[in-house]
$ cat work_11.txt   # compact mmCIF, C-alpha atoms
# COMPACT_ATOMS: atom_id res chain seq x y z
CA MET L 711 -34.21 -35.72 14.93
CA ALA L 712 -36.77 -32.93 14.53
CA ILE L 713 -35.51 -29.67 16.03
CA ASN L 714 -37.39 -26.52 17.02
CA ALA L 715 -34.92 -23.61 16.93
CA LEU L 716 -35.76 -20.19 18.36
CA LEU L 717 -33.45 -17.69 16.66
CA VAL L 718 -33.08 -14.19 18.07
CA ASP L 719 -32.06 -10.95 16.34
CA PRO L 720 -33.63 -8.23 18.53
CA SER L 721 -32.83 -5.24 16.29
CA LEU L 722 -32.77 -7.03 12.92
CA PHE L 723 -29.12 -6.06 12.51
CA THR L 724 -28.63 -8.81 9.91
CA ALA L 725 -32.00 -9.25 8.22
CA PRO L 726 -30.70 -10.63 4.87
CA TYR L 727 -28.42 -13.05 6.73
CA ASN L 728 -31.35 -14.17 8.90
CA ALA L 729 -33.48 -14.91 5.85
CA ALA L 730 -30.76 -16.87 4.09
CA LEU L 731 -29.86 -18.86 7.22
CA ASN L 732 -33.56 -19.54 7.80
CA THR L 733 -33.87 -21.03 4.31
CA GLY L 734 -30.81 -23.22 4.90
CA LEU L 735 -32.06 -24.44 8.27
CA ASN L 736 -35.52 -25.22 6.93
CA ALA L 737 -33.95 -27.21 4.09
CA ALA L 738 -32.03 -29.17 6.75
CA GLY L 739 -35.30 -30.06 8.49
CA VAL L 740 -35.11 -27.52 11.34
CA THR L 741 -38.35 -25.78 12.33
CA THR L 742 -37.55 -22.14 13.01
CA LEU L 743 -39.07 -19.17 14.78
CA TRP L 744 -37.39 -15.75 14.88
CA ALA L 745 -37.75 -13.33 17.80
CA THR L 746 -37.15 -9.82 16.42
CA ARG L 747 -38.42 -6.26 16.54
CA GLY L 748 -41.31 -5.17 14.36
CA LEU L 749 -40.63 -3.67 10.94
CA ARG L 750 -40.03 0.05 10.55
CA GLU L 751 -41.94 2.14 8.05
CA GLY L 752 -40.70 1.35 4.55
CA GLU L 753 -38.94 -1.88 5.54
CA LYS L 754 -39.80 -5.08 3.76
CA ALA L 755 -40.02 -8.42 5.52
CA ASP L 756 -37.05 -10.68 4.78
CA LEU L 757 -38.37 -13.49 6.99
CA PRO L 758 -41.73 -15.19 6.47
CA GLU L 759 -44.37 -13.64 8.72
CA ALA L 760 -45.43 -17.06 10.02
CA GLN L 761 -41.87 -17.67 11.27
CA THR L 762 -41.48 -14.32 13.01
CA ALA L 763 -42.41 -13.22 16.53
CA PRO L 764 -41.97 -9.41 16.69
CA ILE L 765 -41.67 -9.23 20.48
CA PHE L 766 -38.74 -6.81 20.86
CA TYR L 767 -39.13 -3.07 21.49
CA PRO L 768 -42.87 -2.66 20.88
CA GLY L 769 -43.45 0.98 19.91
CA LEU L 770 -39.69 1.66 19.96
CA GLU L 771 -38.59 -0.06 16.75
CA ALA L 772 -36.67 2.98 15.42
CA SER L 773 -32.89 3.03 15.77
CA ALA L 774 -31.53 4.72 18.90
CA LYS L 775 -28.02 5.05 17.42
CA GLN L 776 -28.25 8.80 16.91
CA ALA L 777 -30.97 9.46 19.48
CA GLY L 778 -30.50 11.14 22.85
CA ALA L 779 -29.76 9.56 26.21
CA ALA L 780 -33.45 9.36 27.15
CA ALA L 781 -34.33 7.40 24.01
CA LYS L 782 -31.45 5.00 24.62
CA LEU L 783 -32.57 4.46 28.20
CA ARG L 784 -36.13 3.69 27.04
CA LYS L 785 -34.73 1.20 24.52
CA ALA L 786 -32.62 -0.48 27.22
CA ILE L 787 -35.62 -0.83 29.54
CA SER L 788 -37.67 -2.20 26.65
CA HIS L 789 -34.90 -4.68 25.90
CA ILE L 790 -35.16 -6.13 29.40
CA GLY L 791 -38.94 -6.52 29.07
CA SER L 792 -38.46 -8.06 25.61
CA LEU L 793 -36.02 -10.61 27.01
CA LYS L 794 -38.69 -11.75 29.46
CA ARG L 795 -41.10 -12.26 26.57
CA MET L 796 -38.40 -14.16 24.67
CA ILE L 797 -37.75 -16.49 27.63
CA ALA L 798 -41.49 -17.16 27.94
CA LEU L 799 -41.71 -17.83 24.19
CA SER L 800 -38.83 -20.32 24.36
CA LYS L 801 -40.85 -22.35 26.88
CA SER L 802 -44.32 -22.04 25.35
CA TRP L 803 -43.33 -22.73 21.75
CA PRO L 804 -41.27 -24.82 22.92
CA ALA L 805 -37.65 -24.44 21.72
CA ASP L 806 -35.19 -27.32 21.65
CA ILE L 807 -32.39 -24.81 21.16
CA VAL L 808 -32.03 -21.00 21.26
CA HIS L 809 -29.69 -19.31 18.80
CA LEU L 810 -28.79 -15.67 19.49
CA GLN L 811 -27.48 -13.66 16.56
CA TRP L 812 -26.32 -10.76 18.74
CA SER L 813 -25.80 -9.81 22.35
CA VAL L 814 -27.33 -6.33 22.27
CA LEU L 815 -27.11 -5.51 25.99
CA PRO L 816 -24.73 -8.07 27.50
CA ALA L 817 -25.41 -7.40 31.18
CA ALA L 818 -29.12 -8.10 30.67
CA ASP L 819 -28.53 -10.81 28.06
CA LEU L 820 -26.32 -12.71 30.52
CA ARG L 821 -29.21 -13.17 32.94
CA ALA L 822 -31.49 -14.21 30.08
CA VAL L 823 -28.98 -16.78 28.79
CA HIS L 824 -28.70 -18.27 32.28
CA LYS L 825 -32.49 -18.73 32.42
CA LEU L 826 -32.73 -20.02 28.85
CA ARG L 827 -30.10 -22.69 29.53
CA GLN L 828 -32.29 -24.22 32.23
CA THR L 829 -34.47 -25.67 29.46
CA ALA L 830 -32.43 -25.57 26.21
CA PRO L 831 -28.86 -25.12 24.93
CA VAL L 832 -27.97 -21.58 23.83
CA VAL L 833 -25.79 -20.75 20.81
CA LEU L 834 -24.40 -17.30 20.02
CA THR L 835 -23.17 -16.25 16.58
CA VAL L 836 -20.45 -13.62 16.90
CA HIS L 837 -20.67 -11.64 13.67
CA ASP L 838 -18.18 -9.06 14.99
CA THR L 839 -15.39 -10.25 17.29
CA THR L 840 -15.05 -6.63 18.43
CA PRO L 841 -18.63 -5.88 19.55
CA PHE L 842 -20.35 -3.38 17.27
CA ASN L 843 -16.97 -3.04 15.52
CA GLY L 844 -15.84 -0.73 18.31
CA ASN L 845 -18.68 1.73 17.65
CA PRO L 846 -21.48 1.03 20.18
CA THR L 847 -24.06 3.68 21.00
CA SER L 848 -23.41 3.14 24.72
CA LYS L 849 -20.83 1.50 27.00
CA LEU L 850 -23.68 -0.70 28.22
CA GLN L 851 -23.64 -2.46 24.85
CA VAL L 852 -20.19 -3.94 25.49
CA MET L 853 -20.05 -4.37 29.28
CA GLY L 854 -20.34 -8.05 30.11
CA PHE L 855 -19.74 -9.42 26.60
CA PRO L 856 -16.93 -11.82 27.70
CA GLN L 857 -19.25 -13.18 30.40
CA VAL L 858 -21.94 -13.88 27.77
CA LEU L 859 -19.37 -15.79 25.70
CA ALA L 860 -18.53 -17.87 28.78
CA GLU L 861 -22.19 -18.53 29.67
CA VAL L 862 -23.53 -19.77 26.32
CA ASP L 863 -23.17 -23.41 25.33
CA HIS L 864 -21.51 -22.70 22.00
CA VAL L 865 -20.19 -19.84 19.84
CA ILE L 866 -20.24 -19.64 16.04
CA VAL L 867 -17.83 -17.40 14.12
CA HIS L 868 -17.54 -16.98 10.35
CA THR L 869 -13.77 -17.09 9.82
CA SER L 870 -10.66 -18.77 11.18
CA ARG L 871 -9.38 -15.32 12.13
CA GLY L 872 -12.51 -14.79 14.19
CA ARG L 873 -11.96 -18.12 15.96
CA ASP L 874 -8.36 -17.17 16.72
CA ALA L 875 -9.38 -13.75 18.04
CA LEU L 876 -11.92 -15.22 20.44
CA THR L 877 -9.49 -17.93 21.54
CA GLU L 878 -6.93 -15.25 22.36
CA ALA L 879 -9.65 -13.38 24.27
CA GLY L 880 -10.16 -16.45 26.48
CA CYS L 881 -13.07 -18.26 24.83
CA ALA L 882 -12.70 -22.03 25.24
CA THR L 883 -11.66 -23.70 21.99
CA HIS L 884 -14.12 -26.59 22.39
CA LYS L 885 -16.98 -24.06 22.43
CA LEU L 886 -16.05 -22.51 19.08
CA SER L 887 -17.17 -23.51 15.58
CA VAL L 888 -16.36 -21.83 12.27
CA ILE L 889 -19.42 -21.78 10.00
CA PRO L 890 -18.86 -19.44 7.03
CA HIS L 891 -21.12 -16.60 5.98
CA GLY L 892 -22.86 -17.45 2.71
CA PRO L 893 -23.27 -15.34 -0.43
CA PHE L 894 -26.26 -13.12 -1.08
CA THR L 895 -27.80 -12.41 -4.47
CA LEU L 896 -28.70 -9.10 -6.03
CA ASP L 897 -30.87 -9.15 -9.16
CA LEU L 898 -29.37 -6.84 -11.78
CA SER L 899 -31.48 -8.06 -14.69
CA GLN L 900 -34.14 -5.36 -14.48
CA THR L 901 -31.80 -2.47 -13.71
CA LYS L 902 -31.63 0.33 -16.23
CA ALA L 903 -28.00 1.31 -16.67
CA HIS L 904 -27.29 4.99 -17.24
CA THR L 905 -26.67 5.89 -20.87
CA PRO L 906 -24.09 6.90 -21.85
CA ARG L 907 -22.03 5.12 -19.20
CA ASP L 908 -19.49 7.24 -17.35
CA PRO L 909 -16.12 6.55 -19.00
CA ARG L 910 -14.22 6.87 -15.73
CA TRP L 911 -13.32 3.88 -13.56
CA THR L 912 -16.14 3.80 -11.01
CA VAL L 913 -15.25 2.83 -7.45
CA VAL L 914 -18.11 2.40 -4.96
CA LEU L 915 -18.25 2.35 -1.17
CA PHE L 916 -21.76 1.62 0.02
CA GLY L 917 -23.82 0.30 2.92
CA ARG L 918 -24.57 1.64 6.37
CA LEU L 919 -21.98 4.39 6.76
CA GLN L 920 -20.41 3.98 10.19
CA ASP L 921 -17.11 5.15 11.63
CA TYR L 922 -15.42 1.76 11.38
CA LYS L 923 -16.05 1.62 7.62
CA GLY L 924 -13.30 4.17 6.99
CA VAL L 925 -14.93 6.82 4.79
CA ASP L 926 -12.29 9.25 6.10
CA VAL L 927 -9.52 6.81 5.14
CA LEU L 928 -10.88 6.71 1.60
CA ILE L 929 -10.94 10.53 1.47
CA ASP L 930 -7.31 10.68 2.64
CA ALA L 931 -6.34 8.08 0.03
CA LEU L 932 -8.00 10.02 -2.79
CA ALA L 933 -6.27 13.20 -1.62
CA ALA L 934 -2.93 11.40 -1.90
CA LEU L 935 -3.46 10.47 -5.56
CA PRO L 936 -1.88 12.48 -8.38
CA PRO L 937 -4.35 14.65 -10.35
CA ASP L 938 -4.33 12.49 -13.48
CA THR L 939 -5.29 9.38 -11.46
CA ARG L 940 -8.04 11.28 -9.64
CA ASP L 941 -9.42 12.38 -13.01
CA ALA L 942 -9.55 8.75 -14.17
CA LEU L 943 -11.67 7.73 -11.17
CA ARG L 944 -15.31 8.23 -10.33
CA VAL L 945 -15.87 7.60 -6.62
CA VAL L 946 -19.35 6.97 -5.20
CA ILE L 947 -20.06 6.91 -1.46
CA ALA L 948 -23.60 5.73 -0.86
CA GLY L 949 -25.74 4.66 2.07
CA GLU L 950 -27.49 5.74 5.22
CA PRO L 951 -25.17 7.69 7.55
CA PHE L 952 -24.82 6.33 11.10
CA CYS L 953 -21.94 8.66 11.98
CA ASP L 954 -21.00 12.30 11.43
CA LEU L 955 -19.74 12.59 7.86
CA ALA L 956 -19.33 16.38 7.96
CA PRO L 957 -15.53 16.25 8.61
CA ALA L 958 -15.00 13.82 5.72
CA GLN L 959 -17.14 15.92 3.39
CA ALA L 960 -15.29 19.07 4.44
CA LYS L 961 -11.94 17.39 3.75
CA ALA L 962 -13.19 16.24 0.35
CA ALA L 963 -14.28 19.79 -0.51
CA GLN L 964 -10.99 21.24 0.76
CA GLU L 965 -9.03 18.83 -1.45
CA ASN L 966 -11.33 19.47 -4.44
CA LEU L 967 -12.24 15.78 -4.62
CA ASN L 968 -15.04 14.99 -7.03
CA ILE L 969 -17.11 12.47 -5.04
CA ASP L 970 -20.68 11.43 -5.76
CA TRP L 971 -22.41 11.36 -2.36
CA HIS L 972 -25.68 9.41 -2.25
CA LEU L 973 -26.61 9.63 1.43
CA GLY L 974 -29.76 7.88 2.59
CA TRP L 975 -31.40 4.50 2.77
CA LEU L 976 -30.74 2.36 -0.32
CA SER L 977 -33.48 0.22 -1.82
CA ASP L 978 -32.69 -2.99 -3.69
CA ASP L 979 -33.12 -1.07 -6.94
CA ASP L 980 -30.70 1.63 -5.74
CA MET L 981 -28.10 -1.00 -4.85
CA ALA L 982 -28.59 -2.82 -8.14
CA THR L 983 -28.07 0.42 -10.07
CA LEU L 984 -24.87 1.08 -8.13
CA MET L 985 -23.61 -2.40 -8.94
CA VAL L 986 -24.27 -1.98 -12.66
CA GLU L 987 -22.27 1.26 -12.58
CA ALA L 988 -19.45 -0.07 -10.36
CA ASP L 989 -16.14 -1.30 -11.74
CA ALA L 990 -14.60 -1.85 -8.31
CA LEU L 991 -15.79 -1.92 -4.69
CA VAL L 992 -13.82 -0.49 -1.81
CA PHE L 993 -13.99 -1.58 1.84
CA PRO L 994 -11.48 0.56 3.81
CA TYR L 995 -12.74 -0.83 7.13
CA ARG L 996 -10.92 -0.33 10.40
CA ARG L 997 -12.31 -3.59 11.79
CA ILE L 998 -14.67 -6.30 10.58
CA GLU L 999 -15.32 -10.01 10.93
CA ALA L 1000 -17.81 -10.68 8.12
CA SER L 1001 -19.39 -8.06 5.88
CA GLY L 1002 -22.90 -8.47 4.53
CA VAL L 1003 -22.17 -5.86 1.87
CA TYR L 1004 -19.17 -7.89 0.69
CA TYR L 1005 -21.24 -11.08 0.49
CA LEU L 1006 -23.96 -9.23 -1.41
CA THR L 1007 -21.46 -8.17 -4.08
CA LYS L 1008 -19.04 -11.11 -4.07
CA SER L 1009 -20.57 -12.93 -7.03
CA LEU L 1010 -20.96 -9.84 -9.27
CA GLY L 1011 -17.52 -9.91 -10.88
CA LYS L 1012 -16.20 -6.64 -9.41
CA TRP L 1013 -12.63 -5.93 -8.37
CA ILE L 1014 -12.44 -5.71 -4.55
CA ILE L 1015 -10.18 -3.36 -2.59
CA ALA L 1016 -10.41 -4.11 1.13
CA SER L 1017 -8.65 -3.96 4.46
CA ASP L 1018 -6.79 -7.13 5.37
CA LEU L 1019 -9.31 -8.17 8.02
CA GLY L 1020 -11.73 -11.02 8.74
CA ALA L 1021 -13.43 -12.54 5.73
CA PHE L 1022 -11.63 -10.14 3.38
CA GLY L 1023 -8.27 -11.52 4.46
CA ASP L 1024 -9.49 -15.11 4.31
CA GLU L 1025 -11.09 -14.92 0.87
CA ILE L 1026 -9.63 -12.18 -1.34
CA THR L 1027 -6.69 -13.27 -3.48
CA PRO L 1028 -4.46 -11.35 -5.93
CA ASP L 1029 -6.73 -12.68 -8.69
CA THR L 1030 -9.89 -11.16 -7.18
CA GLY L 1031 -8.77 -7.97 -5.47
CA HIS L 1032 -6.25 -6.09 -3.39
CA LEU L 1033 -5.77 -6.20 0.40
CA VAL L 1034 -4.35 -3.21 2.29
CA PRO L 1035 -3.48 -2.66 5.96
CA PRO L 1036 -6.42 -1.16 7.90
CA GLY L 1037 -6.22 2.62 8.17
CA ASP L 1038 -3.31 2.93 5.70
CA ALA L 1039 -4.40 5.70 3.32
CA ASP L 1040 -1.20 5.55 1.25
CA ALA L 1041 -1.58 1.81 0.62
CA LEU L 1042 -5.24 2.35 -0.24
CA ALA L 1043 -4.30 5.11 -2.70
CA GLN L 1044 -1.89 2.75 -4.45
CA ALA L 1045 -4.54 0.00 -4.59
CA LEU L 1046 -7.10 2.40 -6.07
CA SER L 1047 -4.63 3.45 -8.75
CA GLN L 1048 -3.70 -0.15 -9.57
CA SER L 1049 -7.36 -1.25 -9.72
CA ILE L 1050 -8.08 0.65 -12.93
CA GLY L 1051 -8.95 -1.86 -15.64
CA LYS L 1052 -8.78 -4.90 -13.34
CA THR L 1053 -11.41 -7.66 -13.43
CA PRO L 1054 -11.40 -10.64 -11.07
CA ALA L 1055 -10.78 -14.17 -12.25
CA PRO L 1056 -13.88 -16.39 -12.13
CA GLY L 1057 -14.07 -18.53 -9.03
CA SER L 1058 -16.16 -20.05 -6.30
CA ILE L 1059 -18.59 -17.80 -4.45
CA GLY L 1060 -18.05 -19.81 -1.26
CA THR L 1061 -20.11 -22.06 0.99
CA ASP L 1062 -23.79 -22.09 0.00
CA TRP L 1063 -26.72 -21.73 2.37
CA PRO L 1064 -27.95 -25.36 2.20
CA GLU L 1065 -24.52 -26.49 3.44
CA ILE L 1066 -24.52 -23.75 6.10
CA GLY L 1067 -27.96 -24.95 7.19
CA GLN L 1068 -26.76 -28.55 7.38
CA ARG L 1069 -23.69 -27.64 9.40
CA THR L 1070 -25.70 -25.48 11.79
CA ALA L 1071 -28.35 -28.17 12.20
CA ALA L 1072 -25.63 -30.74 12.95
CA LEU L 1073 -24.29 -28.44 15.67
CA TYR L 1074 -27.79 -28.06 17.14
CA ASP L 1075 -28.22 -31.83 17.12
CA ARG L 1076 -24.93 -32.38 18.93
CA LEU L 1077 -25.63 -29.77 21.60
CA ILE L 1078 -29.11 -31.13 22.26
CA ALA L 1079 -27.78 -34.69 22.49
CA ASN L 1080 -25.04 -33.61 24.92
CA ARG L 1081 -27.65 -32.30 27.33
$ encode --input "work_11.txt" --output "structure tokens"
Amino acid sequence: MAINALLVDPSLFTAPYNAALNTGLNAAGVTTLWATRGLREGEKADLPEAQTAPIFYPGLEASAKQAGAAAKLRKAISHIGSLKRMIALSKSWPADIVHLQWSVLPAADLRAVHKLRQTAPVVLTVHDTTPFNGNPTSKLQVMGFPQVLAEVDHVIVHTSRGRDALTEAGCATHKLSVIPHGPFTLDLSQTKAHTPRDPRWTVVLFGRLQDYKGVDVLIDALAALPPDTRDALRVVIAGEPFCDLAPAQAKAAQENLNIDWHLGWLSDDDMATLMVEADALVFPYRRIEASGVYYLTKSLGKWIIASDLGAFGDEITPDTGHLVPPGDADALAQALSQSIGKTPAPGSIGTDWPEIGQRTAALYDRLIANR
């Protein structure tokens, strides 16, 4: 059957994922429309303009993560008004199903889900089983999340560990489906590698730098290494800071750690250059379900050092990388030392987006039929 799916990512938290899922759904015959915020200055559109309704946060598109209380309050009020526009859009378009990618403000989202379900089933993808990976900008962003899980018709998670975590939290098993996160691609063909190449083993941590990503754990691990191992490593920490990195930088300076800090927004060219230089990638996360950065780099043939969490724990094997307990700086130090010279064995890059689109479309079809 033909399906109109209204997909919702208010803050464009997962823009590359949205674009890839959109392609998979369209290939499966689903007509899609995305309710999002407008683009910020310098951002490029990942979704086709004709399939996007920028109805969230008009005039307030900028992140409120590091803004003051007044800015966060304005964003919350705008979110409520945006939800009303989203409900109206679901009826006027009209949507056969509504698929939320995030619950940004659960107390308000709960009321919206209740109204949406009067005319269409509602699906929620839980990208992080711990909302915002335990690092919300406000308590309001987590209050009511279990009630949203109970209210929606169905919940998608990316890993079996995610399914188990939500089951333990009380989410009904029959409402849960595991649909994997697919791989992203990064074009390295036009990247100009630095010449001469740094002879040290280059380890890269990159992405949005937030507390849960464990920059401080990496610093502690490097401090625990013997001097000769430190000298053999080049460590790059790159990305836009969304937390206070001053303590980590002070610790690095105190320990005389030679770290290349590249702090700021990374373009595709910046990321591609990093990947050409990288020998290994490190993900010392405290918590995670599925990592877009991991899926962007998964197919590039780099050794992976990661916390034994979520998709990392499900997918990384001794032939492709090294898993360490979250927050364990000593174990991370050992893994960094042992990574030198390692290359992963060739293997599958995982479930592709056409299959993800087919599986998601089949879920839509079933939920619509059940109504």
$ residues_around --input "work_11.txt" --residues "Pro804 in chain L" --least-positions-apart "5" --cutoff "10 Å" --atoms "only C-alpha atoms" --output "list in words"
Asn714, Ala715, Leu716, Ala798, Leu799, Thr829 and Ala830 of chain L
$ closest_residue --input "work_11.txt" --among "L:Ile713, L:Val718, L:Leu886, L:Val836" --to "Val823 in chain L" --atoms "only C-alpha atoms"
L:Val718
$ atom_distance --input "work_11.txt" --atom1 "CA of Ser788 in chain L" --atom2 "CA of Val852 in chain L"
17.6 Å
$ closest_residue --input "work_11.txt" --among "L:Leu1006, L:Gly872, L:Gln920, L:Val862" --to "Leu898 in chain L" --atoms "only C-alpha atoms"
L:Leu1006
$ closest_residue --input "work_11.txt" --among "L:Tyr1005, L:Tyr995, L:Phe894, L:Tyr922" --to "Cys953 in chain L" --atoms "only C-alpha atoms"
L:Tyr922
$ residues_around --input "work_11.txt" --residues "Ala1016 in chain L" --least-positions-apart "4" --cutoff "8 Å" --atoms "only C-alpha atoms" --output "ChimeraX atom specification"
/L:992-995,1022,1031-1034
$ closest_residue --input "work_11.txt" --among "L:Ala760, L:Ala738, L:Ala875, L:Ala942" --to "Gln1048 in chain L" --atoms "all atoms listed in the file"
L:Ala942
$ residues_around --input "work_11.txt" --residues "Thr840 in chain L" --least-positions-apart "6" --cutoff "9 Å" --atoms "all atoms listed in the file" --output "short mmCIF file (atom, residue, chain, number, x, y, z; two decimals) with C-alpha atoms, keeping the file's coordinate frame"
data_model
loop_
_atom_site.label_atom_id
_atom_site.label_comp_id
_atom_site.auth_asym_id
_atom_site.auth_seq_id
_atom_site.Cartn_x
_atom_site.Cartn_y
_atom_site.Cartn_z
CA ARG L 997 -12.31 -3.59 11.79
CA ILE L 998 -14.67 -6.30 10.58
CA GLU L 999 -15.32 -10.01 10.93
#
$ closest_residue --input "work_11.txt" --among "L:Ser1001, L:Thr1070, L:Asn966, L:Thr912" --to "Ile947 in chain L" --atoms "all atoms listed in the file"
L:Thr912
$ closest_residue --input "work_11.txt" --among "L:Pro893, L:Pro768, L:Pro951, L:Pro758" --to "Asp1062 in chain L" --atoms "only C-alpha atoms"
L:Pro893
$ atom_distance --input "work_11.txt" --atom1 "CA of Ala1071 in chain L" --atom2 "CA of Ser813 in chain L"
21.1 Å
